[in-house]
file work_25.cif (mmCIF, C-alpha atoms)
data_data
#
loop_
_atom_site.label_atom_id
_atom_site.label_comp_id
_atom_site.auth_asym_id
_atom_site.auth_seq_id
_atom_site.Cartn_x
_atom_site.Cartn_y
_atom_site.Cartn_z
CA MET U 1462 -24.96 -12.19 -15.72
CA ASP U 1463 -22.10 -13.63 -13.68
CA GLN U 1464 -19.88 -10.71 -14.68
CA ALA U 1465 -22.53 -8.23 -13.55
CA ILE U 1466 -22.82 -10.01 -10.20
CA ASN U 1467 -19.05 -9.91 -9.77
CA CYS U 1468 -18.98 -6.17 -10.47
CA VAL U 1469 -21.69 -5.57 -7.90
CA SER U 1470 -19.70 -7.64 -5.40
CA TYR U 1471 -16.55 -5.55 -5.86
CA VAL U 1472 -18.53 -2.31 -5.66
CA THR U 1473 -20.01 -3.54 -2.38
CA VAL U 1474 -16.82 -4.92 -0.85
CA VAL U 1475 -14.55 -1.87 -1.14
CA PRO U 1476 -16.83 0.55 0.77
CA VAL U 1477 -17.39 -2.05 3.49
CA LEU U 1478 -13.64 -2.43 3.98
CA PHE U 1479 -13.16 1.31 4.50
CA ARG U 1480 -16.21 1.67 6.73
CA HIS U 1481 -15.14 -1.12 9.05
CA SER U 1482 -11.75 -2.87 9.09
CA LEU U 1483 -9.82 0.03 7.55
CA ARG U 1484 -11.39 2.82 9.56
CA ASP U 1485 -9.03 5.08 11.48
CA THR U 1486 -8.40 3.86 15.01
CA GLU U 1487 -9.69 7.13 16.44
CA ASP U 1488 -12.97 6.62 14.60
CA GLN U 1489 -13.37 3.17 16.13
CA ASN U 1490 -12.98 4.21 19.75
CA VAL U 1491 -16.09 4.86 21.81
CA THR U 1492 -15.60 8.25 23.44
CA SER U 1493 -19.09 8.95 24.75
CA LEU U 1494 -20.70 7.52 27.89
CA ASP U 1495 -24.18 8.74 26.98
CA HIS U 1496 -25.32 5.18 26.30
CA ILE U 1497 -24.84 4.34 29.98
CA PHE U 1498 -27.52 6.82 30.99
CA THR U 1499 -30.06 6.11 28.26
CA VAL U 1500 -32.16 3.17 27.24
CA GLU U 1501 -31.30 3.50 23.58
CA PRO U 1502 -28.94 0.78 22.31
CA MET U 1503 -25.53 1.89 21.16
CA GLU U 1504 -23.26 0.03 18.79
CA ILE U 1505 -19.91 -0.52 20.49
CA THR U 1506 -16.92 -0.94 18.24
CA SER U 1507 -13.29 -1.71 18.94
CA PRO U 1508 -10.18 -1.05 16.86
CA SER U 1509 -9.37 -3.64 14.23
CA THR U 1510 -6.50 -5.97 15.08
CA ASP U 1511 -3.41 -6.18 12.88
CA SER U 1512 -4.66 -9.51 11.55
CA GLU U 1513 -8.03 -8.01 10.61
CA VAL U 1514 -6.39 -5.02 8.95
CA SER U 1515 -4.00 -7.29 7.05
CA LEU U 1516 -6.85 -9.47 5.80
CA ALA U 1517 -8.85 -6.41 4.74
CA LEU U 1518 -5.84 -5.07 2.84
CA ARG U 1519 -5.40 -8.38 1.03
CA VAL U 1520 -9.05 -8.28 -0.01
CA LEU U 1521 -8.66 -4.68 -1.17
CA GLU U 1522 -5.53 -5.61 -3.13
CA GLY U 1523 -7.37 -8.42 -4.88
CA CYS U 1524 -10.35 -6.22 -5.74
CA CYS U 1525 -8.12 -3.56 -7.28
CA LEU U 1526 -6.12 -6.07 -9.32
CA ILE U 1527 -9.20 -7.84 -10.67
CA HIS U 1528 -11.68 -4.98 -11.00
CA CYS U 1529 -10.30 -1.64 -12.22
CA GLU U 1530 -13.28 0.34 -10.90
CA SER U 1531 -12.25 -0.68 -7.39
CA ASN U 1532 -9.31 1.73 -7.71
CA VAL U 1533 -11.79 4.53 -8.37
CA LEU U 1534 -13.87 3.52 -5.37
CA ALA U 1535 -10.76 3.32 -3.21
CA HIS U 1536 -9.86 6.87 -4.21
CA GLN U 1537 -13.33 8.06 -3.18
CA TYR U 1538 -12.67 6.64 0.28
CA LYS U 1539 -9.27 8.40 0.47
CA ALA U 1540 -7.48 5.08 0.31
CA ILE U 1541 -3.94 6.41 0.06
CA PRO U 1542 -4.08 8.60 3.21
CA VAL U 1543 -5.75 5.73 5.07
CA LEU U 1544 -3.09 3.25 3.98
CA MET U 1545 -0.23 5.63 4.69
CA ASN U 1546 -1.57 5.95 8.22
CA ILE U 1547 -1.62 2.16 8.51
CA LEU U 1548 1.94 2.00 7.21
CA SER U 1549 3.17 4.37 9.91
CA THR U 1550 1.17 3.03 12.86
CA ARG U 1551 0.55 -0.70 12.45
CA GLY U 1552 2.71 -3.74 13.08
CA VAL U 1553 4.77 -5.68 10.55
CA LEU U 1554 1.85 -7.82 9.40
CA GLY U 1555 -0.32 -4.85 8.53
CA GLN U 1556 2.57 -2.85 7.08
CA GLY U 1557 3.57 -5.63 4.69
CA ALA U 1558 0.02 -6.06 3.43
CA CYS U 1559 -0.25 -2.29 3.16
CA LEU U 1560 2.71 -2.06 0.77
CA ASP U 1561 1.18 -4.69 -1.51
CA ALA U 1562 -2.20 -2.96 -1.43
CA LEU U 1563 -0.62 0.40 -2.27
CA ILE U 1564 0.84 -1.05 -5.48
CA ALA U 1565 -2.53 -2.48 -6.49
CA ILE U 1566 -4.39 0.75 -5.72
CA MET U 1567 -1.96 2.92 -7.68
CA LEU U 1568 -1.81 0.64 -10.73
CA ASP U 1569 -3.29 2.58 -13.68
CA SER U 1570 -4.70 5.20 -11.31
CA SER U 1571 -3.24 8.68 -11.71
CA ALA U 1572 -5.53 9.98 -8.95
CA ASN U 1573 -4.19 7.52 -6.39
CA GLN U 1574 -0.63 8.11 -7.58
CA ALA U 1575 -1.13 11.84 -7.05
CA ASP U 1576 -2.41 11.15 -3.54
CA PHE U 1577 0.67 9.04 -2.85
CA GLU U 1578 2.88 11.96 -3.83
CA ALA U 1579 0.82 14.37 -1.75
CA CYS U 1580 1.23 12.08 1.28
CA ASN U 1581 5.02 12.03 0.82
CA GLY U 1582 4.79 8.31 0.20
CA ILE U 1583 8.39 7.81 -0.91
CA GLU U 1584 9.67 9.49 2.23
CA GLU U 1585 7.54 7.24 4.45
CA VAL U 1586 8.80 4.10 2.71
CA ALA U 1587 12.37 5.41 2.83
CA ILE U 1588 12.12 5.92 6.59
CA LEU U 1589 11.20 2.26 7.03
CA ILE U 1590 13.80 0.80 4.68
CA ARG U 1591 16.64 2.88 6.13
CA ASP U 1592 15.84 1.98 9.74
CA LYS U 1593 17.91 -1.07 10.72
CA GLN U 1594 15.73 -1.55 13.79
CA VAL U 1595 12.77 -2.35 11.54
CA ASP U 1596 12.02 -6.02 10.84
CA GLU U 1597 14.25 -7.16 7.96
CA LYS U 1598 11.39 -8.81 6.08
CA LEU U 1599 9.51 -5.52 6.10
CA ARG U 1600 12.58 -3.66 4.89
CA LEU U 1601 12.90 -6.17 2.04
CA LYS U 1602 9.24 -5.63 1.25
CA CYS U 1603 9.95 -1.89 1.05
CA GLY U 1604 12.71 -2.58 -1.47
CA GLU U 1605 10.36 -4.71 -3.55
CA PHE U 1606 7.72 -1.99 -3.31
CA LEU U 1607 10.09 0.61 -4.75
CA LEU U 1608 11.07 -1.70 -7.60
CA LEU U 1609 7.44 -2.35 -8.49
CA LEU U 1610 6.55 1.31 -8.15
CA ILE U 1611 9.29 2.44 -10.53
CA GLY U 1612 9.12 -0.40 -13.02
CA HIS U 1613 5.48 -1.42 -13.16
CA VAL U 1614 3.29 1.38 -11.76
CA ASN U 1615 4.85 4.77 -12.42
CA GLY U 1616 3.84 6.20 -15.78
CA ARG U 1617 2.10 3.06 -16.99
CA GLU U 1618 -0.27 4.38 -19.67
CA ARG U 1619 -0.43 7.69 -17.78
CA PRO U 1620 1.92 10.60 -17.01
CA PRO U 1621 4.48 9.53 -14.39
CA MET U 1622 4.57 10.86 -10.86
CA ALA U 1623 6.46 14.11 -11.19
CA THR U 1624 8.78 13.90 -8.20
CA ILE U 1625 9.28 10.18 -7.73
CA HIS U 1626 12.83 9.94 -9.10
CA GLU U 1627 14.00 13.02 -7.25
CA ASP U 1628 12.39 11.79 -4.03
CA ILE U 1629 14.14 8.42 -4.22
CA ARG U 1630 17.47 10.10 -4.92
CA ARG U 1631 16.96 12.56 -2.07
CA PHE U 1632 15.92 10.04 0.57
CA LEU U 1633 18.01 7.00 -0.41
CA GLY U 1634 21.04 8.49 -2.12
CA GLU U 1635 22.26 8.54 -5.69
CA LYS U 1636 23.79 5.05 -5.73
CA SER U 1637 20.78 3.28 -4.26
CA ALA U 1638 18.46 5.27 -6.52
CA SER U 1639 20.47 4.29 -9.60
CA LEU U 1640 20.31 0.63 -8.59
CA ILE U 1641 16.54 0.82 -8.11
CA TRP U 1642 16.05 2.40 -11.53
CA ALA U 1643 18.32 -0.13 -13.24
CA ALA U 1644 16.82 -3.15 -11.48
CA SER U 1645 13.18 -2.12 -11.75
CA GLN U 1646 12.71 -3.49 -15.27
CA PHE U 1647 13.16 -7.08 -14.14
CA GLY U 1648 11.16 -10.03 -15.31
CA SER U 1649 9.30 -8.80 -18.38
CA THR U 1650 9.87 -12.13 -20.17
CA LEU U 1651 9.68 -14.39 -17.12
CA ASP U 1652 6.77 -16.46 -15.86
CA PRO U 1653 5.06 -15.32 -12.62
CA GLU U 1654 7.10 -17.56 -10.33
CA GLN U 1655 10.37 -16.46 -11.91
CA ARG U 1656 9.31 -12.81 -11.69
CA LEU U 1657 8.64 -13.21 -7.98
CA THR U 1658 12.06 -14.75 -7.45
CA ALA U 1659 13.70 -11.97 -9.48
CA LEU U 1660 11.82 -9.35 -7.46
CA GLN U 1661 13.02 -10.86 -4.19
CA ILE U 1662 16.62 -11.00 -5.40
CA GLN U 1663 16.56 -7.40 -6.58
CA GLY U 1664 14.84 -6.30 -3.38
CA ARG U 1665 17.70 -7.83 -1.41
CA ARG U 1666 20.21 -5.95 -3.57
CA VAL U 1667 18.39 -2.68 -2.91
CA LEU U 1668 18.47 -3.29 0.83
CA GLU U 1669 22.16 -4.17 0.77
CA SER U 1670 22.97 -1.01 -1.18
CA ILE U 1671 21.13 1.12 1.36
CA ASP U 1672 22.91 -0.54 4.29
CA LEU U 1673 26.25 -0.12 2.52
CA TYR U 1674 25.87 3.60 1.91
#
call {"tool": "encode", "arguments": {"input": "work_25.cif", "output": "structure tokens"}}
result
Amino acid sequence: MDQAINCVSYVTVVPVLFRHSLRDTEDQNVTSLDHIFTVEPMEITSPSTDSEVSLALRVLEGCCLIHCESNVLAHQYKAIPVLMNILSTRGVLGQGACLDALIAIMLDSSANQADFEACNGIEEVAILIRDKQVDEKLRLKCGEFLLLLIGHVNGRERPPMATIHEDIRRFLGEKSASLIWAASQFGSTLDPEQRLTALQIQGRRVLESIDLY
């Protein structure tokens, strides 16, 4: 019974996130003044703040990690294009949460992985990590994202993303790409805390290699 209730909760939560907090900014703006000249009430909405978007992304991430059907629901709401838009338009807080949510959404989901490829996801992440004007913590998060994508998402129980290796080589260079591939298998025998530390260390190495070359 409890499991059934939990499933219903996840099925309910994901659509709500995409209908409200994760809606495109353009969809949230009120562009009509008709309500001023009528007596009918009109629901007025405003764009979600970075904090609201970040919180919504954390909830989405948790749903996808705990409940595999949430990945399917996310795909139905075009999650990858929505999140890629957030990654390119929001502030550091939303962008960092977006990278974590992308990993969760693509885990064991070939449909979402295909959408990521179609949205030129690697190129978008590469633009951020190569830009030294971008917040360093976000650039580190991009390095960690690439490590997780290569080592723990791509090809896991499903055919790998066809162009991912070539894209990383093309946008980050051969040496950085080789480092990412070599370092992406970290932590398979470590406990969660040690894996997180290893991920952060390897993410720093990726960033240093990109800055060097």
call {"tool": "residues_around", "arguments": {"input": "work_25.cif", "residues": "Thr1510 of chain U", "least_positions_apart": "4", "cutoff": "9 Å", "atoms": "only C-alpha atoms", "output": "ChimeraX atom specification"}}
result
/U:1482,1514-1515
call {"tool": "write_last_selection", "arguments": {"input": "work_25.cif", "atoms": "C-alpha atoms", "output": "mmCIF file, keeping the file's coordinate frame"}}
result
data_model
loop_
_atom_site.group_PDB
_atom_site.id
_atom_site.type_symbol
_atom_site.label_atom_id
_atom_site.label_comp_id
_atom_site.auth_asym_id
_atom_site.auth_seq_id
_atom_site.Cartn_x
_atom_site.Cartn_y
_atom_site.Cartn_z
ATOM 1 C CA SER U 1482 -11.750 -2.870 9.090
ATOM 2 C CA VAL U 1514 -6.390 -5.020 8.950
ATOM 3 C CA SER U 1515 -4.000 -7.290 7.050
#
call {"tool": "atom_distance", "arguments": {"input": "work_25.cif", "atom1": "atom CA of Val1520 of chain U", "atom2": "atom CA of Glu1584 of chain U"}}
result
25.9 Å
call {"tool": "closest_residue", "arguments": {"input": "work_25.cif", "among": "U:Ala1644, U:Leu1521, U:Glu1597, U:Arg1480", "to": "Gly1612 of chain U", "atoms": "only C-alpha atoms"}}
result
U:Ala1644
call {"tool": "closest_residue", "arguments": {"input": "work_25.cif", "among": "U:Leu1610, U:Leu1640, U:Leu1589, U:Ala1535", "to": "Ile1564 of chain U", "atoms": "only C-alpha atoms"}}
result
U:Leu1610
call {"tool": "closest_residue", "arguments": {"input": "work_25.cif", "among": "U:Asp1652, U:Glu1627, U:Asp1576, U:Glu1669", "to": "Val1543 of chain U", "atoms": "only C-alpha atoms"}}
result
U:Asp1576
call {"tool": "closest_residue", "arguments": {"input": "work_25.cif", "among": "U:Asp1511, U:Glu1578, U:Glu1530, U:Asp1628", "to": "Pro1542 of chain U", "atoms": "all atoms listed in the file"}}
result
U:Glu1578
call {"tool": "resolve_selection", "arguments": {"input": "work_25.cif", "expression": "the PyMOL selection byres ((chain U and resi 1572) around 12)", "output": "ChimeraX atom specification"}}
result
/U:1532-1537,1539-1541,1566-1571,1573-1579,1619-1622
call {"tool": "atom_distance", "arguments": {"input": "work_25.cif", "atom1": "atom CA of Glu1522 of chain U", "atom2": "atom CA of Leu1599 of chain U"}}
result
17.6 Å
call {"tool": "closest_residue", "arguments": {"input": "work_25.cif", "among": "U:Cys1559, U:Leu1516, U:Val1475, U:Leu1554", "to": "Ser1531 of chain U", "atoms": "all atoms listed in the file"}}
result
U:Val1475
call {"tool": "closest_residue", "arguments": {"input": "work_25.cif", "among": "U:Leu1601, U:Leu1483, U:Ala1638, U:Ala1587", "to": "Arg1551 of chain U", "atoms": "all atoms listed in the file"}}
result
U:Leu1483
call {"tool": "build_atoms", "arguments": {"input": "work_25.cif", "residues": "segment 1561-1579 of chain U", "atoms": "N, CA and C atoms", "output": "PDB file, keeping the file's coordinate frame"}}
result
ATOM      1  N   ASP U1561       1.734  -3.979  -0.353  1.00  0.00           N
ATOM      2  CA  ASP U1561       1.180  -4.690  -1.510  1.00  0.00           C
ATOM      3  C   ASP U1561      -0.104  -4.023  -1.997  1.00  0.00           C
ATOM      4  N   ALA U1562      -0.945  -3.606  -1.055  1.00  0.00           N
ATOM      5  CA  ALA U1562      -2.200  -2.960  -1.430  1.00  0.00           C
ATOM      6  C   ALA U1562      -1.955  -1.616  -2.104  1.00  0.00           C
ATOM      7  N   LEU U1563      -0.946  -0.896  -1.656  1.00  0.00           N
ATOM      8  CA  LEU U1563      -0.620   0.400  -2.270  1.00  0.00           C
ATOM      9  C   LEU U1563      -0.281   0.230  -3.747  1.00  0.00           C
ATOM     10  N   ILE U1564       0.495  -0.794  -4.075  1.00  0.00           N
ATOM     11  CA  ILE U1564       0.840  -1.050  -5.480  1.00  0.00           C
ATOM     12  C   ILE U1564      -0.423  -1.300  -6.289  1.00  0.00           C
ATOM     13  N   ALA U1565      -1.306  -2.141  -5.771  1.00  0.00           N
ATOM     14  CA  ALA U1565      -2.530  -2.480  -6.490  1.00  0.00           C
ATOM     15  C   ALA U1565      -3.425  -1.261  -6.683  1.00  0.00           C
ATOM     16  N   ILE U1566      -3.526  -0.432  -5.656  1.00  0.00           N
ATOM     17  CA  ILE U1566      -4.390   0.750  -5.720  1.00  0.00           C
ATOM     18  C   ILE U1566      -3.865   1.780  -6.716  1.00  0.00           C
ATOM     19  N   MET U1567      -2.545   1.903  -6.802  1.00  0.00           N
ATOM     20  CA  MET U1567      -1.960   2.920  -7.680  1.00  0.00           C
ATOM     21  C   MET U1567      -1.838   2.460  -9.132  1.00  0.00           C
ATOM     22  N   LEU U1568      -1.977   1.165  -9.382  1.00  0.00           N
ATOM     23  CA  LEU U1568      -1.810   0.640 -10.730  1.00  0.00           C
ATOM     24  C   LEU U1568      -2.858   1.252 -11.663  1.00  0.00           C
ATOM     25  N   ASP U1569      -2.394   1.941 -12.701  1.00  0.00           N
ATOM     26  CA  ASP U1569      -3.290   2.580 -13.680  1.00  0.00           C
ATOM     27  C   ASP U1569      -4.243   3.583 -13.050  1.00  0.00           C
ATOM     28  N   SER U1570      -3.842   4.206 -11.963  1.00  0.00           N
ATOM     29  CA  SER U1570      -4.700   5.200 -11.310  1.00  0.00           C
ATOM     30  C   SER U1570      -3.887   6.458 -11.029  1.00  0.00           C
ATOM     31  N   SER U1571      -3.990   7.433 -11.902  1.00  0.00           N
ATOM     32  CA  SER U1571      -3.240   8.680 -11.710  1.00  0.00           C
ATOM     33  C   SER U1571      -3.720   9.427 -10.473  1.00  0.00           C
ATOM     34  N   ALA U1572      -4.998   9.294 -10.137  1.00  0.00           N
ATOM     35  CA  ALA U1572      -5.530   9.980  -8.950  1.00  0.00           C
ATOM     36  C   ALA U1572      -4.897   9.430  -7.678  1.00  0.00           C
ATOM     37  N   ASN U1573      -4.803   8.116  -7.579  1.00  0.00           N
ATOM     38  CA  ASN U1573      -4.190   7.520  -6.390  1.00  0.00           C
ATOM     39  C   ASN U1573      -2.684   7.763  -6.362  1.00  0.00           C
ATOM     40  N   GLN U1574      -2.057   7.795  -7.530  1.00  0.00           N
ATOM     41  CA  GLN U1574      -0.630   8.110  -7.580  1.00  0.00           C
ATOM     42  C   GLN U1574      -0.381   9.540  -7.094  1.00  0.00           C
ATOM     43  N   ALA U1575      -1.260  10.448  -7.494  1.00  0.00           N
ATOM     44  CA  ALA U1575      -1.130  11.840  -7.050  1.00  0.00           C
ATOM     45  C   ALA U1575      -1.296  11.941  -5.536  1.00  0.00           C
ATOM     46  N   ASP U1576      -2.225  11.164  -4.993  1.00  0.00           N
ATOM     47  CA  ASP U1576      -2.410  11.150  -3.540  1.00  0.00           C
ATOM     48  C   ASP U1576      -1.171  10.620  -2.835  1.00  0.00           C
ATOM     49  N   PHE U1577      -0.542   9.621  -3.433  1.00  0.00           N
ATOM     50  CA  PHE U1577       0.670   9.040  -2.850  1.00  0.00           C
ATOM     51  C   PHE U1577       1.776  10.099  -2.782  1.00  0.00           C
ATOM     52  N   GLU U1578       1.904  10.867  -3.842  1.00  0.00           N
ATOM     53  CA  GLU U1578       2.880  11.960  -3.830  1.00  0.00           C
ATOM     54  C   GLU U1578       2.531  12.995  -2.774  1.00  0.00           C
ATOM     55  N   ALA U1579       1.254  13.346  -2.701  1.00  0.00           N
ATOM     56  CA  ALA U1579       0.820  14.370  -1.750  1.00  0.00           C
ATOM     57  C   ALA U1579       1.050  13.927  -0.305  1.00  0.00           C
TER      58      ALA U1579
END
